[in-house]
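S.K.: Handing you a structure now.
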Amino acid sequence: MPHQSSPVRDQLKAAGLRITAPRVAVLEWLAGHPHATADQVAAGVRDVLGSVSTQAVYDVLGACTNAELVRRIEPAGHPARFERRTGDNHHHLVCRGCGRAEDVDCVHGAAPCLQPSNTAGFVVEEAEVVFWGLCPACSTTHHEKEGSA
């Protein structure tokens with residue numbers, strides 16, 4: 001692998017992770033495909049590298065999540081999703097129809113942007129909010145089905 005410098009390589013090095021072709025490919029692919037499942041990441045990385053095992057992709061995603069280079073979100077009833085946007089405590093919109101996810105910035109800025117009415121003695125560090133609904137495509141389909149019923 002060439003020893004050229006790139007933002008992804010620099011991030012891996014700064015995180016104390018070895019710079020490997022699968023790690024670079026996963027991070028670069030994920031930058032353009034936020035909220036992807038591990039299977040989607042694996043398929044995308046295979047297009048770049050030619051071959052990589054699904055287990056290798058899971059290992060890369062796990063190591064990069066632990067190093068805070070990747071954020072893992074787990075909307076209820078959906079597979080885990082991965083994104084490169086980390087450290088800003090943003091939230092998500094998730095479509096109940098197709099599972100599409102979109103980022104939503106915090107209304108009040110710094111983490112945690114929401115406070116519970118009772119902390120039960122916890123020191124609250126982060127708020128994770130998932131807004132559920134229908135994306136424009138699913139909403140249109142839903143309304144068309146209601147109109148024909």
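Letters for chains follow the order of the structure tokens (A, B, ...), residue numbers begin at 1 for each chain, and ligand numbers begin at 1 in the order shown.
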DSSP on the backbone, alpha helix (DSSP H) only: what residues of range 8-142 of chain A does that give? Format it as a PyMOL selection string.
M.R.: chain A and resi 8-14+21-31+38-49+54-66+136-142
S.K.: Compile the contact shell of range 97-109 of chain A as a PDB file with N, CA, C and O atoms, in the first residue's frame: residues with an atom at most 12 Å away, counting only C-alpha atoms, same-chain residues fewer than 3 positions apart removed.
M.R.:
```
ATOM      1  N   HIS A  33     -21.590   7.678   2.039  1.00  0.00           N
ATOM      2  CA  HIS A  33     -22.807   6.868   2.194  1.00  0.00           C
ATOM      3  C   HIS A  33     -23.183   6.766   3.672  1.00  0.00           C
ATOM      4  O   HIS A  33     -23.105   5.678   4.258  1.00  0.00           O
ATOM      5  N   PRO A  34     -23.577   7.869   4.280  1.00  0.00           N
ATOM      6  CA  PRO A  34     -23.916   7.809   5.708  1.00  0.00           C
ATOM      7  C   PRO A  34     -25.147   6.945   5.970  1.00  0.00           C
ATOM      8  O   PRO A  34     -25.974   6.758   5.084  1.00  0.00           O
ATOM      9  N   HIS A  35     -25.221   6.424   7.171  1.00  0.00           N
ATOM     10  CA  HIS A  35     -26.346   5.621   7.652  1.00  0.00           C
ATOM     11  C   HIS A  35     -26.442   4.281   6.937  1.00  0.00           C
ATOM     12  O   HIS A  35     -27.515   3.708   6.805  1.00  0.00           O
ATOM     13  N   ALA A  36     -25.309   3.765   6.489  1.00  0.00           N
ATOM     14  CA  ALA A  36     -25.275   2.485   5.795  1.00  0.00           C
ATOM     15  C   ALA A  36     -25.198   1.337   6.793  1.00  0.00           C
ATOM     16  O   ALA A  36     -24.605   1.460   7.860  1.00  0.00           O
ATOM     17  N   THR A  37     -25.787   0.212   6.410  1.00  0.00           N
ATOM     18  CA  THR A  37     -25.672  -1.008   7.213  1.00  0.00           C
ATOM     19  C   THR A  37     -24.306  -1.637   6.932  1.00  0.00           C
ATOM     20  O   THR A  37     -23.647  -1.319   5.937  1.00  0.00           O
ATOM     21  N   ILE A  73     -25.437   3.786  14.941  1.00  0.00           N
ATOM     22  CA  ILE A  73     -26.782   4.080  15.447  1.00  0.00           C
ATOM     23  C   ILE A  73     -27.616   2.825  15.277  1.00  0.00           C
ATOM     24  O   ILE A  73     -27.393   2.036  14.351  1.00  0.00           O
ATOM     25  N   GLU A  74     -28.544   2.604  16.185  1.00  0.00           N
ATOM     26  CA  GLU A  74     -29.350   1.389  16.166  1.00  0.00           C
ATOM     27  C   GLU A  74     -30.828   1.724  16.316  1.00  0.00           C
ATOM     28  O   GLU A  74     -31.387   1.585  17.402  1.00  0.00           O
ATOM     29  N   PRO A  75     -31.473   2.151  15.221  1.00  0.00           N
ATOM     30  CA  PRO A  75     -32.906   2.423  15.313  1.00  0.00           C
ATOM     31  C   PRO A  75     -33.665   1.130  15.619  1.00  0.00           C
ATOM     32  O   PRO A  75     -33.387   0.094  15.006  1.00  0.00           O
ATOM     33  N   ALA A  76     -34.583   1.186  16.546  1.00  0.00           N
ATOM     34  CA  ALA A  76     -35.343   0.003  16.957  1.00  0.00           C
ATOM     35  C   ALA A  76     -35.972  -0.683  15.750  1.00  0.00           C
ATOM     36  O   ALA A  76     -36.580  -0.044  14.897  1.00  0.00           O
ATOM     37  N   GLY A  77     -35.777  -2.003  15.678  1.00  0.00           N
ATOM     38  CA  GLY A  77     -36.375  -2.794  14.615  1.00  0.00           C
ATOM     39  C   GLY A  77     -35.630  -2.730  13.291  1.00  0.00           C
ATOM     40  O   GLY A  77     -36.101  -3.267  12.295  1.00  0.00           O
ATOM     41  N   HIS A  78     -34.490  -2.068  13.258  1.00  0.00           N
ATOM     42  CA  HIS A  78     -33.702  -1.923  12.034  1.00  0.00           C
ATOM     43  C   HIS A  78     -32.269  -2.357  12.314  1.00  0.00           C
ATOM     44  O   HIS A  78     -31.806  -2.285  13.448  1.00  0.00           O
ATOM     45  N   PRO A  79     -31.546  -2.769  11.275  1.00  0.00           N
ATOM     46  CA  PRO A  79     -30.135  -3.115  11.496  1.00  0.00           C
ATOM     47  C   PRO A  79     -29.328  -1.881  11.890  1.00  0.00           C
ATOM     48  O   PRO A  79     -29.715  -0.752  11.575  1.00  0.00           O
ATOM     49  N   ALA A  80     -28.226  -2.102  12.562  1.00  0.00           N
ATOM     50  CA  ALA A  80     -27.337  -1.002  12.930  1.00  0.00           C
ATOM     51  C   ALA A  80     -26.902  -0.266  11.676  1.00  0.00           C
ATOM     52  O   ALA A  80     -26.732  -0.865  10.615  1.00  0.00           O
ATOM     53  N   ARG A  81     -26.731   1.025  11.823  1.00  0.00           N
ATOM     54  CA  ARG A  81     -26.267   1.887  10.739  1.00  0.00           C
ATOM     55  C   ARG A  81     -24.969   2.536  11.185  1.00  0.00           C
ATOM     56  O   ARG A  81     -24.748   2.746  12.378  1.00  0.00           O
ATOM     57  N   PHE A  82     -24.147   2.916  10.220  1.00  0.00           N
ATOM     58  CA  PHE A  82     -22.852   3.517  10.517  1.00  0.00           C
ATOM     59  C   PHE A  82     -22.689   4.807   9.733  1.00  0.00           C
ATOM     60  O   PHE A  82     -23.171   4.925   8.607  1.00  0.00           O
ATOM     61  N   GLU A  83     -22.032   5.767  10.352  1.00  0.00           N
ATOM     62  CA  GLU A  83     -21.783   7.050   9.708  1.00  0.00           C
ATOM     63  C   GLU A  83     -20.468   7.633  10.197  1.00  0.00           C
ATOM     64  O   GLU A  83     -19.982   7.273  11.266  1.00  0.00           O
ATOM     65  N   ARG A  84     -19.906   8.521   9.419  1.00  0.00           N
ATOM     66  CA  ARG A  84     -18.635   9.168   9.766  1.00  0.00           C
ATOM     67  C   ARG A  84     -18.845  10.397  10.640  1.00  0.00           C
ATOM     68  O   ARG A  84     -17.913  10.878  11.275  1.00  0.00           O
ATOM     69  N   ARG A  85     -20.045  10.941  10.685  1.00  0.00           N
ATOM     70  CA  ARG A  85     -20.306  12.149  11.475  1.00  0.00           C
ATOM     71  C   ARG A  85     -20.326  11.763  12.949  1.00  0.00           C
ATOM     72  O   ARG A  85     -21.246  11.090  13.418  1.00  0.00           O
ATOM     73  N   THR A  86     -19.295  12.181  13.671  1.00  0.00           N
ATOM     74  CA  THR A  86     -19.158  11.806  15.079  1.00  0.00           C
ATOM     75  C   THR A  86     -18.911  13.039  15.938  1.00  0.00           C
ATOM     76  O   THR A  86     -18.524  14.092  15.437  1.00  0.00           O
ATOM     77  N   GLY A  87     -19.146  12.875  17.223  1.00  0.00           N
ATOM     78  CA  GLY A  87     -18.748  13.880  18.205  1.00  0.00           C
ATOM     79  C   GLY A  87     -19.607  15.122  18.303  1.00  0.00           C
ATOM     80  O   GLY A  87     -19.271  16.050  19.032  1.00  0.00           O
ATOM     81  N   ASP A  88     -20.741  15.162  17.597  1.00  0.00           N
ATOM     82  CA  ASP A  88     -21.550  16.377  17.668  1.00  0.00           C
ATOM     83  C   ASP A  88     -22.942  16.155  18.241  1.00  0.00           C
ATOM     84  O   ASP A  88     -23.743  17.064  18.300  1.00  0.00           O
ATOM     85  N   ASN A  89     -23.238  14.939  18.700  1.00  0.00           N
ATOM     86  CA  ASN A  89     -24.504  14.647  19.380  1.00  0.00           C
ATOM     87  C   ASN A  89     -25.729  14.973  18.526  1.00  0.00           C
ATOM     88  O   ASN A  89     -26.739  15.424  19.038  1.00  0.00           O
ATOM     89  N   HIS A  90     -25.649  14.783  17.204  1.00  0.00           N
ATOM     90  CA  HIS A  90     -26.831  15.025  16.380  1.00  0.00           C
ATOM     91  C   HIS A  90     -27.801  13.845  16.512  1.00  0.00           C
ATOM     92  O   HIS A  90     -27.459  12.801  17.044  1.00  0.00           O
ATOM     93  N   HIS A  91     -28.999  14.057  16.038  1.00  0.00           N
ATOM     94  CA  HIS A  91     -30.060  13.062  16.136  1.00  0.00           C
ATOM     95  C   HIS A  91     -30.414  12.558  14.737  1.00  0.00           C
ATOM     96  O   HIS A  91     -29.767  12.924  13.761  1.00  0.00           O
ATOM     97  N   HIS A  92     -31.463  11.733  14.649  1.00  0.00           N
ATOM     98  CA  HIS A  92     -31.831  11.137  13.374  1.00  0.00           C
ATOM     99  C   HIS A  92     -33.333  11.089  13.143  1.00  0.00           C
ATOM    100  O   HIS A  92     -34.107  10.941  14.094  1.00  0.00           O
ATOM    101  N   LEU A  93     -33.706  11.203  11.885  1.00  0.00           N
ATOM    102  CA  LEU A  93     -35.052  10.915  11.393  1.00  0.00           C
ATOM    103  C   LEU A  93     -34.975   9.537  10.747  1.00  0.00           C
ATOM    104  O   LEU A  93     -34.043   9.279   9.975  1.00  0.00           O
ATOM    105  N   VAL A  94     -35.927   8.666  11.040  1.00  0.00           N
ATOM    106  CA  VAL A  94     -35.932   7.337  10.435  1.00  0.00           C
ATOM    107  C   VAL A  94     -37.317   7.073   9.867  1.00  0.00           C
ATOM    108  O   VAL A  94     -38.333   7.282  10.542  1.00  0.00           O
ATOM    109  N   PRO A 112     -25.424  17.387  26.603  1.00  0.00           N
ATOM    110  CA  PRO A 112     -26.663  16.890  26.009  1.00  0.00           C
ATOM    111  C   PRO A 112     -27.586  18.053  25.684  1.00  0.00           C
ATOM    112  O   PRO A 112     -27.698  18.982  26.474  1.00  0.00           O
ATOM    113  N   CYS A 113     -28.228  17.994  24.537  1.00  0.00           N
ATOM    114  CA  CYS A 113     -29.091  19.108  24.134  1.00  0.00           C
ATOM    115  C   CYS A 113     -30.486  18.998  24.743  1.00  0.00           C
ATOM    116  O   CYS A 113     -31.273  19.916  24.635  1.00  0.00           O
ATOM    117  N   LEU A 114     -30.769  17.883  25.383  1.00  0.00           N
ATOM    118  CA  LEU A 114     -32.029  17.701  26.102  1.00  0.00           C
ATOM    119  C   LEU A 114     -31.717  17.243  27.517  1.00  0.00           C
ATOM    120  O   LEU A 114     -30.740  16.548  27.749  1.00  0.00           O
ATOM    121  N   GLN A 115     -32.552  17.606  28.453  1.00  0.00           N
ATOM    122  CA  GLN A 115     -32.383  17.197  29.846  1.00  0.00           C
ATOM    123  C   GLN A 115     -33.613  16.418  30.298  1.00  0.00           C
ATOM    124  O   GLN A 115     -34.743  16.860  30.070  1.00  0.00           O
ATOM    125  N   GLU A 126     -25.135  12.638  27.187  1.00  0.00           N
ATOM    126  CA  GLU A 126     -25.576  12.680  25.799  1.00  0.00           C
ATOM    127  C   GLU A 126     -27.061  12.372  25.735  1.00  0.00           C
ATOM    128  O   GLU A 126     -27.594  11.640  26.563  1.00  0.00           O
ATOM    129  N   ALA A 127     -27.733  12.937  24.765  1.00  0.00           N
ATOM    130  CA  ALA A 127     -29.122  12.602  24.474  1.00  0.00           C
ATOM    131  C   ALA A 127     -29.167  12.047  23.060  1.00  0.00           C
ATOM    132  O   ALA A 127     -28.579  12.613  22.149  1.00  0.00           O
ATOM    133  N   GLU A 128     -29.826  10.905  22.887  1.00  0.00           N
ATOM    134  CA  GLU A 128     -29.966  10.314  21.561  1.00  0.00           C
ATOM    135  C   GLU A 128     -31.444  10.250  21.234  1.00  0.00           C
ATOM    136  O   GLU A 128     -32.210   9.554  21.901  1.00  0.00           O
ATOM    137  N   VAL A 129     -31.839  10.996  20.225  1.00  0.00           N
ATOM    138  CA  VAL A 129     -33.240  11.090  19.856  1.00  0.00           C
ATOM    139  C   VAL A 129     -33.415  10.530  18.455  1.00  0.00           C
ATOM    140  O   VAL A 129     -32.618  10.826  17.559  1.00  0.00           O
ATOM    141  N   VAL A 130     -34.444   9.710  18.270  1.00  0.00           N
ATOM    142  CA  VAL A 130     -34.805   9.223  16.947  1.00  0.00           C
ATOM    143  C   VAL A 130     -36.230   9.692  16.685  1.00  0.00           C
ATOM    144  O   VAL A 130     -37.149   9.390  17.443  1.00  0.00           O
ATOM    145  N   PHE A 131     -36.389  10.458  15.627  1.00  0.00           N
ATOM    146  CA  PHE A 131     -37.699  10.893  15.187  1.00  0.00           C
ATOM    147  C   PHE A 131     -38.174   9.882  14.144  1.00  0.00           C
ATOM    148  O   PHE A 131     -37.444   9.559  13.210  1.00  0.00           O
ATOM    149  N   TRP A 132     -39.381   9.363  14.314  1.00  0.00           N
ATOM    150  CA  TRP A 132     -39.922   8.353  13.411  1.00  0.00           C
ATOM    151  C   TRP A 132     -41.032   8.953  12.569  1.00  0.00           C
ATOM    152  O   TRP A 132     -41.815   9.766  13.044  1.00  0.00           O
ATOM    153  N   GLY A 133     -41.110   8.541  11.315  1.00  0.00           N
ATOM    154  CA  GLY A 133     -42.163   9.005  10.428  1.00  0.00           C
ATOM    155  C   GLY A 133     -42.024   8.339   9.081  1.00  0.00           C
ATOM    156  O   GLY A 133     -41.454   7.250   8.974  1.00  0.00           O
ATOM    157  N   LEU A 134     -42.537   8.996   8.061  1.00  0.00           N
ATOM    158  CA  LEU A 134     -42.429   8.493   6.695  1.00  0.00           C
ATOM    159  C   LEU A 134     -41.651   9.501   5.859  1.00  0.00           C
ATOM    160  O   LEU A 134     -41.934  10.698   5.912  1.00  0.00           O
ATOM    161  N   CYS A 135     -40.686   9.002   5.089  1.00  0.00           N
ATOM    162  CA  CYS A 135     -39.936   9.862   4.179  1.00  0.00           C
ATOM    163  C   CYS A 135     -40.882  10.323   3.071  1.00  0.00           C
ATOM    164  O   CYS A 135     -41.994   9.795   2.935  1.00  0.00           O
ATOM    165  N   PRO A 136     -40.484  11.305   2.259  1.00  0.00           N
ATOM    166  CA  PRO A 136     -41.382  11.782   1.197  1.00  0.00           C
ATOM    167  C   PRO A 136     -41.866  10.681   0.259  1.00  0.00           C
ATOM    168  O   PRO A 136     -43.051  10.641  -0.090  1.00  0.00           O
ATOM    169  N   ALA A 137     -40.994   9.776  -0.148  1.00  0.00           N
ATOM    170  CA  ALA A 137     -41.400   8.707  -1.076  1.00  0.00           C
ATOM    171  C   ALA A 137     -42.413   7.772  -0.423  1.00  0.00           C
ATOM    172  O   ALA A 137     -43.432   7.418  -1.032  1.00  0.00           O
ATOM    173  N   CYS A 138     -42.160   7.358   0.808  1.00  0.00           N
ATOM    174  CA  CYS A 138     -43.083   6.445   1.494  1.00  0.00           C
ATOM    175  C   CYS A 138     -44.383   7.149   1.856  1.00  0.00           C
ATOM    176  O   CYS A 138     -45.458   6.539   1.831  1.00  0.00           O
ATOM    177  N   SER A 139     -44.317   8.423   2.177  1.00  0.00           N
ATOM    178  CA  SER A 139     -45.510   9.190   2.501  1.00  0.00           C
ATOM    179  C   SER A 139     -46.428   9.278   1.285  1.00  0.00           C
ATOM    180  O   SER A 139     -47.639   9.097   1.393  1.00  0.00           O
ATOM    181  N   THR A 140     -45.853   9.520   0.113  1.00  0.00           N
ATOM    182  CA  THR A 140     -46.635   9.583  -1.122  1.00  0.00           C
ATOM    183  C   THR A 140     -47.285   8.238  -1.404  1.00  0.00           C
ATOM    184  O   THR A 140     -48.476   8.165  -1.710  1.00  0.00           O
ATOM    185  N   THR A 141     -46.516   7.157  -1.285  1.00  0.00           N
ATOM    186  CA  THR A 141     -47.042   5.808  -1.504  1.00  0.00           C
ATOM    187  C   THR A 141     -48.150   5.492  -0.514  1.00  0.00           C
ATOM    188  O   THR A 141     -49.200   4.952  -0.877  1.00  0.00           O
ATOM    189  N   HIS A 142     -47.956   5.872   0.753  1.00  0.00           N
ATOM    190  CA  HIS A 142     -48.942   5.624   1.812  1.00  0.00           C
ATOM    191  C   HIS A 142     -50.252   6.351   1.495  1.00  0.00           C
ATOM    192  O   HIS A 142     -51.329   5.766   1.609  1.00  0.00           O
TER     193      HIS A 142
END
```
S.K.: Give the answer as one residue: which of A:Arg72, A:Ala21, A:Lys145, A:Asp10 has the shortest atom-to-atom distance to Arg46 in chain A, using only C-alpha atoms?
M.R.: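 Nearest to Arg46 in chain A: A:Ala21.
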S.K.: So which residues of chain A fall under strand (DSSP E or B) by DSSP, listed as a list in words?
M.R.: Ala36, Arg71, Arg72, Ile73, Arg81, Phe82, Glu83, His91, His92, Leu93, Val94, Cys95, Ala101, Glu102, Asp103, Val104, Val130, Phe131, Trp132 and Gly133 of chain A
S.K.: Expressed in Å to a single decimal, how great is the separation between CA of Cys95 in chain A and CA of Val70 in chain A?
M.R.: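 Separation between CA of Cys95 in chain A and CA of Val70 in chain A: 21.8 Å.
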S.K.: Between CA of Arg9 in chain A and CA of Glu125 in chain A, what distance in Å does the model show, to one decimal?
M.R.: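 Between CA of Arg9 in chain A and CA of Glu125 in chain A the gap is 29.5 Å.
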S.K.: I need the residue nearest Pro22 in chain A from this list: A:Asp59, A:Ala67, A:Val124, A:Pro116. Use only C-alpha atoms for the distance.
M.R.: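 For Pro22 in chain A, the nearest of the given residues is A:Asp59.
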S.K.: Using only C-alpha atoms, which of A:Arg71, A:Val41, A:Leu17, A:Arg96 sits nearest Val57 in chain A?
M.R.: A:Val41
